[in-house]
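Colleague: PDB, N, CA and C atoms, pLDDT in the B column, saved as data37.pdb, coming up:
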ATOM      1  N   MET D   1     -75.358-104.678  90.287  1.00 55.00           N
ATOM      2  CA  MET D   1     -75.888-104.517  91.626  1.00 55.00           C
ATOM      3  C   MET D   1     -76.619-105.791  92.018  1.00 55.00           C
ATOM      4  N   LYS D   2     -76.456-106.152  93.235  1.00 63.00           N
ATOM      5  CA  LYS D   2     -77.079-107.384  93.668  1.00 63.00           C
ATOM      6  C   LYS D   2     -78.312-107.119  94.530  1.00 63.00           C
ATOM      7  N   ASP D   3     -79.349-107.897  94.316  1.00 69.00           N
ATOM      8  CA  ASP D   3     -80.553-107.893  95.145  1.00 69.00           C
ATOM      9  C   ASP D   3     -81.370-106.602  95.079  1.00 69.00           C
ATOM     10  N   PHE D   4     -81.277-105.836  94.008  1.00 69.00           N
ATOM     11  CA  PHE D   4     -82.046-104.597  93.929  1.00 69.00           C
ATOM     12  C   PHE D   4     -82.932-104.544  92.689  1.00 69.00           C
ATOM     13  N   ALA D   5     -83.145-105.682  92.041  1.00 71.00           N
ATOM     14  CA  ALA D   5     -83.931-105.718  90.810  1.00 71.00           C
ATOM     15  C   ALA D   5     -85.353-105.200  91.024  1.00 71.00           C
ATOM     16  N   ASN D   6     -85.931-105.449  92.178  1.00 76.00           N
ATOM     17  CA  ASN D   6     -87.305-105.037  92.444  1.00 76.00           C
ATOM     18  C   ASN D   6     -87.400-103.816  93.354  1.00 76.00           C
ATOM     19  N   ALA D   7     -86.286-103.140  93.587  1.00 78.00           N
ATOM     20  CA  ALA D   7     -86.301-101.960  94.450  1.00 78.00           C
ATOM     21  C   ALA D   7     -87.043-100.831  93.756  1.00 78.00           C
ATOM     22  N   SER D   8     -87.826-100.107  94.534  1.00 88.00           N
ATOM     23  CA  SER D   8     -88.582 -98.979  94.013  1.00 88.00           C
ATOM     24  C   SER D   8     -88.582 -97.879  95.062  1.00 88.00           C
ATOM     25  N   PHE D   9     -88.275 -96.656  94.637  1.00 92.00           N
ATOM     26  CA  PHE D   9     -88.195 -95.533  95.558  1.00 92.00           C
ATOM     27  C   PHE D   9     -88.930 -94.342  94.977  1.00 92.00           C
ATOM     28  N   PRO D  10     -89.592 -93.561  95.832  1.00 93.00           N
ATOM     29  CA  PRO D  10     -90.231 -92.338  95.344  1.00 93.00           C
ATOM     30  C   PRO D  10     -89.160 -91.310  94.942  1.00 93.00           C
ATOM     31  N   PRO D  11     -89.528 -90.358  94.094  1.00 95.00           N
ATOM     32  CA  PRO D  11     -88.557 -89.370  93.612  1.00 95.00           C
ATOM     33  C   PRO D  11     -87.802 -88.629  94.716  1.00 95.00           C
ATOM     34  N   GLU D  12     -88.467 -88.296  95.801  1.00 96.00           N
ATOM     35  CA  GLU D  12     -87.777 -87.566  96.879  1.00 96.00           C
ATOM     36  C   GLU D  12     -86.696 -88.433  97.536  1.00 96.00           C
ATOM     37  N   THR D  13     -86.948 -89.725  97.653  1.00 95.00           N
ATOM     38  CA  THR D  13     -85.943 -90.633  98.216  1.00 95.00           C
ATOM     39  C   THR D  13     -84.763 -90.795  97.260  1.00 95.00           C
ATOM     40  N   ILE D  14     -85.047 -90.830  95.974  1.00 95.00           N
ATOM     41  CA  ILE D  14     -83.971 -90.925  94.978  1.00 95.00           C
ATOM     42  C   ILE D  14     -83.077 -89.689  95.077  1.00 95.00           C
ATOM     43  N   GLY D  15     -83.674 -88.524  95.271  1.00 97.00           N
ATOM     44  CA  GLY D  15     -82.895 -87.301  95.443  1.00 97.00           C
ATOM     45  C   GLY D  15     -82.016 -87.359  96.684  1.00 97.00           C
ATOM     46  N   ILE D  16     -82.547 -87.900  97.758  1.00 97.00           N
ATOM     47  CA  ILE D  16     -81.782 -88.062  99.006  1.00 97.00           C
ATOM     48  C   ILE D  16     -80.626 -89.036  98.794  1.00 97.00           C
ATOM     49  N   MET D  17     -80.892 -90.128  98.089  1.00 97.00           N
ATOM     50  CA  MET D  17     -79.843 -91.119  97.826  1.00 97.00           C
ATOM     51  C   MET D  17     -78.749 -90.526  96.937  1.00 97.00           C
ATOM     52  N   LYS D  18     -79.130 -89.702  95.970  1.00 97.00           N
ATOM     53  CA  LYS D  18     -78.135 -89.058  95.106  1.00 97.00           C
ATOM     54  C   LYS D  18     -77.258 -88.112  95.915  1.00 97.00           C
ATOM     55  N   GLN D  19     -77.893 -87.361  96.814  1.00 98.00           N
ATOM     56  CA  GLN D  19     -77.142 -86.457  97.689  1.00 98.00           C
ATOM     57  C   GLN D  19     -76.136 -87.247  98.533  1.00 98.00           C
ATOM     58  N   ALA D  20     -76.561 -88.371  99.090  1.00 98.00           N
ATOM     59  CA  ALA D  20     -75.680 -89.216  99.899  1.00 98.00           C
ATOM     60  C   ALA D  20     -74.550 -89.788  99.049  1.00 98.00           C
ATOM     61  N   MET D  21     -74.876 -90.220  97.839  1.00 98.00           N
ATOM     62  CA  MET D  21     -73.865 -90.776  96.939  1.00 98.00           C
ATOM     63  C   MET D  21     -72.814 -89.732  96.595  1.00 98.00           C
ATOM     64  N   ASP D  22     -73.275 -88.543  96.220  1.00 98.00           N
ATOM     65  CA  ASP D  22     -72.356 -87.459  95.871  1.00 98.00           C
ATOM     66  C   ASP D  22     -71.443 -87.111  97.044  1.00 98.00           C
ATOM     67  N   GLY D  23     -72.013 -87.047  98.245  1.00 98.00           N
ATOM     68  CA  GLY D  23     -71.226 -86.723  99.434  1.00 98.00           C
ATOM     69  C   GLY D  23     -70.202 -87.790  99.765  1.00 98.00           C
ATOM     70  N   ALA D  24     -70.601 -89.043  99.646  1.00 97.00           N
ATOM     71  CA  ALA D  24     -69.688 -90.142  99.971  1.00 97.00           C
ATOM     72  C   ALA D  24     -68.526 -90.194  98.976  1.00 97.00           C
ATOM     73  N   VAL D  25     -68.816 -90.054  97.703  1.00 97.00           N
ATOM     74  CA  VAL D  25     -67.757 -90.095  96.691  1.00 97.00           C
ATOM     75  C   VAL D  25     -66.824 -88.894  96.860  1.00 97.00           C
ATOM     76  N   ALA D  26     -67.388 -87.732  97.162  1.00 97.00           N
ATOM     77  CA  ALA D  26     -66.574 -86.522  97.350  1.00 97.00           C
ATOM     78  C   ALA D  26     -65.659 -86.642  98.562  1.00 97.00           C
ATOM     79  N   ALA D  27     -66.033 -87.451  99.533  1.00 96.00           N
ATOM     80  CA  ALA D  27     -65.237 -87.603 100.757  1.00 96.00           C
ATOM     81  C   ALA D  27     -64.008 -88.484 100.551  1.00 96.00           C
ATOM     82  N   LEU D  28     -63.964 -89.203  99.443  1.00 95.00           N
ATOM     83  CA  LEU D  28     -62.857 -90.122  99.184  1.00 95.00           C
ATOM     84  C   LEU D  28     -61.779 -89.437  98.339  1.00 95.00           C
ATOM     85  N   PRO D  29     -60.533 -89.880  98.503  1.00 94.00           N
ATOM     86  CA  PRO D  29     -59.476 -89.328  97.650  1.00 94.00           C
ATOM     87  C   PRO D  29     -59.685 -89.784  96.199  1.00 94.00           C
ATOM     88  N   HIS D  30     -59.432 -88.870  95.293  1.00 91.00           N
ATOM     89  CA  HIS D  30     -59.615 -89.171  93.868  1.00 91.00           C
ATOM     90  C   HIS D  30     -58.345 -89.719  93.270  1.00 91.00           C
ATOM     91  N   PRO D  31     -58.422 -90.574  92.294  1.00 95.00           N
ATOM     92  CA  PRO D  31     -59.644 -91.064  91.654  1.00 95.00           C
ATOM     93  C   PRO D  31     -60.312 -92.156  92.492  1.00 95.00           C
ATOM     94  N   VAL D  32     -61.622 -92.197  92.421  1.00 94.00           N
ATOM     95  CA  VAL D  32     -62.400 -93.208  93.148  1.00 94.00           C
ATOM     96  C   VAL D  32     -62.679 -94.355  92.174  1.00 94.00           C
ATOM     97  N   SER D  33     -62.308 -95.561  92.556  1.00 95.00           N
ATOM     98  CA  SER D  33     -62.492 -96.721  91.671  1.00 95.00           C
ATOM     99  C   SER D  33     -63.974 -97.041  91.486  1.00 95.00           C
ATOM    100  N   SER D  34     -64.278 -97.668  90.369  1.00 96.00           N
ATOM    101  CA  SER D  34     -65.663 -98.060  90.102  1.00 96.00           C
ATOM    102  C   SER D  34     -66.152 -99.080  91.131  1.00 96.00           C
ATOM    103  N   ALA D  35     -65.245 -99.903  91.660  1.00 95.00           N
ATOM    104  CA  ALA D  35     -65.628-100.872  92.692  1.00 95.00           C
ATOM    105  C   ALA D  35     -66.087-100.155  93.962  1.00 95.00           C
ATOM    106  N   LYS D  36     -65.395 -99.081  94.319  1.00 95.00           N
ATOM    107  CA  LYS D  36     -65.805 -98.307  95.500  1.00 95.00           C
ATOM    108  C   LYS D  36     -67.131 -97.608  95.258  1.00 95.00           C
ATOM    109  N   VAL D  37     -67.315 -97.060  94.069  1.00 96.00           N
ATOM    110  CA  VAL D  37     -68.582 -96.400  93.733  1.00 96.00           C
ATOM    111  C   VAL D  37     -69.722 -97.412  93.821  1.00 96.00           C
ATOM    112  N   GLN D  38     -69.511 -98.619  93.296  1.00 95.00           N
ATOM    113  CA  GLN D  38     -70.551 -99.645  93.352  1.00 95.00           C
ATOM    114  C   GLN D  38     -70.840-100.050  94.797  1.00 95.00           C
ATOM    115  N   SER D  39     -69.805-100.191  95.603  1.00 95.00           N
ATOM    116  CA  SER D  39     -69.992-100.548  97.010  1.00 95.00           C
ATOM    117  C   SER D  39     -70.795 -99.483  97.742  1.00 95.00           C
ATOM    118  N   ILE D  40     -70.477 -98.222  97.492  1.00 96.00           N
ATOM    119  CA  ILE D  40     -71.209 -97.110  98.110  1.00 96.00           C
ATOM    120  C   ILE D  40     -72.669 -97.136  97.662  1.00 96.00           C
ATOM    121  N   ALA D  41     -72.886 -97.311  96.369  1.00 96.00           N
ATOM    122  CA  ALA D  41     -74.256 -97.338  95.839  1.00 96.00           C
ATOM    123  C   ALA D  41     -75.074 -98.464  96.458  1.00 96.00           C
ATOM    124  N   GLU D  42     -74.482 -99.652  96.544  1.00 94.00           N
ATOM    125  CA  GLU D  42     -75.199-100.788  97.127  1.00 94.00           C
ATOM    126  C   GLU D  42     -75.538-100.535  98.593  1.00 94.00           C
ATOM    127  N   SER D  43     -74.617 -99.941  99.323  1.00 96.00           N
ATOM    128  CA  SER D  43     -74.864 -99.635 100.728  1.00 96.00           C
ATOM    129  C   SER D  43     -76.006 -98.627 100.868  1.00 96.00           C
ATOM    130  N   ILE D  44     -75.981 -97.590 100.042  1.00 97.00           N
ATOM    131  CA  ILE D  44     -77.033 -96.572 100.102  1.00 97.00           C
ATOM    132  C   ILE D  44     -78.379 -97.188  99.734  1.00 97.00           C
ATOM    133  N   LEU D  45     -78.419 -97.992  98.685  1.00 95.00           N
ATOM    134  CA  LEU D  45     -79.672 -98.658  98.308  1.00 95.00           C
ATOM    135  C   LEU D  45     -80.195 -99.543  99.432  1.00 95.00           C
ATOM    136  N   ARG D  46     -79.318-100.331 100.006  1.00 93.00           N
ATOM    137  CA  ARG D  46     -79.721-101.255 101.081  1.00 93.00           C
ATOM    138  C   ARG D  46     -80.238-100.478 102.301  1.00 93.00           C
ATOM    139  N   THR D  47     -79.530 -99.439 102.674  1.00 95.00           N
ATOM    140  CA  THR D  47     -79.913 -98.667 103.861  1.00 95.00           C
ATOM    141  C   THR D  47     -81.203 -97.890 103.613  1.00 95.00           C
ATOM    142  N   ALA D  48     -81.356 -97.336 102.416  1.00 95.00           N
ATOM    143  CA  ALA D  48     -82.595 -96.627 102.078  1.00 95.00           C
ATOM    144  C   ALA D  48     -83.772 -97.591 102.014  1.00 95.00           C
ATOM    145  N   GLN D  49     -83.522 -98.789 101.493  1.00 92.00           N
ATOM    146  CA  GLN D  49     -84.580 -99.804 101.412  1.00 92.00           C
ATOM    147  C   GLN D  49     -85.054-100.197 102.815  1.00 92.00           C
ATOM    148  N   ALA D  50     -84.152-100.093 103.798  1.00 92.00           N
ATOM    149  CA  ALA D  50     -84.503-100.415 105.181  1.00 92.00           C
ATOM    150  C   ALA D  50     -85.256 -99.264 105.852  1.00 92.00           C
ATOM    151  N   GLY D  51     -85.393 -98.129 105.138  1.00 93.00           N
ATOM    152  CA  GLY D  51     -86.210 -97.041 105.665  1.00 93.00           C
ATOM    153  C   GLY D  51     -85.464 -95.770 106.044  1.00 93.00           C
ATOM    154  N   GLU D  52     -84.147 -95.765 105.940  1.00 96.00           N
ATOM    155  CA  GLU D  52     -83.382 -94.562 106.299  1.00 96.00           C
ATOM    156  C   GLU D  52     -83.561 -93.501 105.212  1.00 96.00           C
ATOM    157  N   THR D  53     -83.845 -92.264 105.635  1.00 94.00           N
ATOM    158  CA  THR D  53     -84.061 -91.190 104.664  1.00 94.00           C
ATOM    159  C   THR D  53     -83.193 -89.960 104.926  1.00 94.00           C
ATOM    160  N   ASP D  54     -82.285 -90.040 105.875  1.00 97.00           N
ATOM    161  CA  ASP D  54     -81.395 -88.910 106.130  1.00 97.00           C
ATOM    162  C   ASP D  54     -80.160 -89.052 105.241  1.00 97.00           C
ATOM    163  N   PRO D  55     -79.883 -88.072 104.371  1.00 97.00           N
ATOM    164  CA  PRO D  55     -78.753 -88.222 103.451  1.00 97.00           C
ATOM    165  C   PRO D  55     -77.401 -88.344 104.153  1.00 97.00           C
ATOM    166  N   LYS D  56     -77.214 -87.647 105.247  1.00 98.00           N
ATOM    167  CA  LYS D  56     -75.935 -87.735 105.969  1.00 98.00           C
ATOM    168  C   LYS D  56     -75.762 -89.112 106.598  1.00 98.00           C
ATOM    169  N   THR D  57     -76.833 -89.689 107.101  1.00 97.00           N
ATOM    170  CA  THR D  57     -76.760 -91.036 107.665  1.00 97.00           C
ATOM    171  C   THR D  57     -76.465 -92.052 106.569  1.00 97.00           C
ATOM    172  N   LEU D  58     -77.121 -91.923 105.417  1.00 98.00           N
ATOM    173  CA  LEU D  58     -76.842 -92.828 104.297  1.00 98.00           C
ATOM    174  C   LEU D  58     -75.385 -92.717 103.870  1.00 98.00           C
ATOM    175  N   GLU D  59     -74.889 -91.490 103.799  1.00 98.00           N
ATOM    176  CA  GLU D  59     -73.489 -91.261 103.418  1.00 98.00           C
ATOM    177  C   GLU D  59     -72.531 -91.894 104.423  1.00 98.00           C
ATOM    178  N   ARG D  60     -72.775 -91.644 105.713  1.00 97.00           N
ATOM    179  CA  ARG D  60     -71.894 -92.194 106.758  1.00 97.00           C
ATOM    180  C   ARG D  60     -71.903 -93.719 106.760  1.00 97.00           C
ATOM    181  N   MET D  61     -73.085 -94.299 106.621  1.00 97.00           N
ATOM    182  CA  MET D  61     -73.177 -95.766 106.601  1.00 97.00           C
ATOM    183  C   MET D  61     -72.396 -96.343 105.427  1.00 97.00           C
ATOM    184  N   ALA D  62     -72.506 -95.726 104.272  1.00 97.00           N
ATOM    185  CA  ALA D  62     -71.794 -96.214 103.085  1.00 97.00           C
ATOM    186  C   ALA D  62     -70.280 -96.118 103.279  1.00 97.00           C
ATOM    187  N   LEU D  63     -69.820 -94.994 103.834  1.00 97.00           N
ATOM    188  CA  LEU D  63     -68.395 -94.829 104.057  1.00 97.00           C
ATOM    189  C   LEU D  63     -67.880 -95.794 105.124  1.00 97.00           C
ATOM    190  N   LEU D  64     -68.676 -96.032 106.166  1.00 96.00           N
ATOM    191  CA  LEU D  64     -68.273 -96.978 107.200  1.00 96.00           C
ATOM    192  C   LEU D  64     -68.182 -98.399 106.639  1.00 96.00           C
ATOM    193  N   GLU D  65     -69.169 -98.794 105.835  1.00 95.00           N
ATOM    194  CA  GLU D  65     -69.128-100.131 105.230  1.00 95.00           C
ATOM    195  C   GLU D  65     -67.913-100.267 104.324  1.00 95.00           C
ATOM    196  N   LEU D  66     -67.614 -99.214 103.570  1.00 93.00           N
ATOM    197  CA  LEU D  66     -66.450 -99.244 102.687  1.00 93.00           C
ATOM    198  C   LEU D  66     -65.177 -99.409 103.496  1.00 93.00           C
ATOM    199  N   GLN D  67     -65.099 -98.712 104.607  1.00 91.00           N
ATOM    200  CA  GLN D  67     -63.923 -98.797 105.491  1.00 91.00           C
ATOM    201  C   GLN D  67     -63.798-100.199 106.075  1.00 91.00           C
ATOM    202  N   LEU D  68     -64.913-100.787 106.469  1.00 92.00           N
ATOM    203  CA  LEU D  68     -64.875-102.137 107.037  1.00 92.00           C
ATOM    204  C   LEU D  68     -64.442-103.174 105.997  1.00 92.00           C
ATOM    205  N   LYS D  69     -64.882-103.002 104.758  1.00 87.00           N
ATOM    206  CA  LYS D  69     -64.479-103.931 103.694  1.00 87.00           C
ATOM    207  C   LYS D  69     -62.983-103.837 103.418  1.00 87.00           C
ATOM    208  N   ALA D  70     -62.437-102.639 103.550  1.00 80.00           N
ATOM    209  CA  ALA D  70     -61.015-102.435 103.263  1.00 80.00           C
ATOM    210  C   ALA D  70     -60.140-102.959 104.382  1.00 80.00           C
ATOM    211  N   GLY D  71     -60.690-103.005 105.588  1.00 71.00           N
ATOM    212  CA  GLY D  71     -59.894-103.371 106.770  1.00 71.00           C
ATOM    213  C   GLY D  71     -59.767-104.794 107.025  1.00 71.00           C
TER     214      GLY D  71
END
Translate the structure described by the file into structure tokens.
Modeller:
Amino acid sequence: MKDFANASFPPETIGIMKQAMDGAVAALPHPVSSAKVQSIAESILRTAQAGETDPKTLERMALLELQLKAG
């Protein structure tokens, strides 16, 4: 992961990020590559670090970024 060495989140935010991660991965056709999982994780970390705490918004942002990278 890049640029997240000093990231710190409270437990409730970590739970929200996990929910977003699970939802985003579940929305993709299986099997999901490790590169896609890493891209989703980085997007969720970056968006949460910017202050977003809605799991559906984190999930949507990650999926949109993944779609843009593929296009």
Colleague: May I have the residues within 9 Å of region 16-28 of chain D as a ChimeraX atom specification, using only C-alpha atoms and disregarding those fewer than 5 positions away in the same chain?
Modeller: /D:11,36-37,40-41,44-45,48,53-60,62-63
Colleague: What does the distance between CA of Val32 (chain D) and CA of Thr13 (chain D) come to in Å, to one decimal place?
Modeller: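 We find that CA of Val32 (chain D) and CA of Thr13 (chain D) lie 24.2 Å from each other.
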Colleague: Mind the document's chain letters and residue numbers, and return as a ChimeraX atom specification the residues of chain D that DSSP labels helix (DSSP H, G or I).
Modeller: /D:11-26,34-49,55-70
Colleague: If you take every atom of region 61-70 of chain D that the file lists and fit an axis-aligned box around them with 4 Å extra on each side, what centre and edge lengths come out in Å to one decimal, as AutoDock Vina command-line options?
Modeller:
--center_x -66.7 --center_y -99.1 --center_z 104.9 --size_x 21.0 --size_y 17.6 --size_z 12.5
Colleague: Would you work out the distance separating atom C of Leu66 (chain D) from atom C of Ser39 (chain D), expressed in Å to one decimal?
Modeller: 8.0 Å
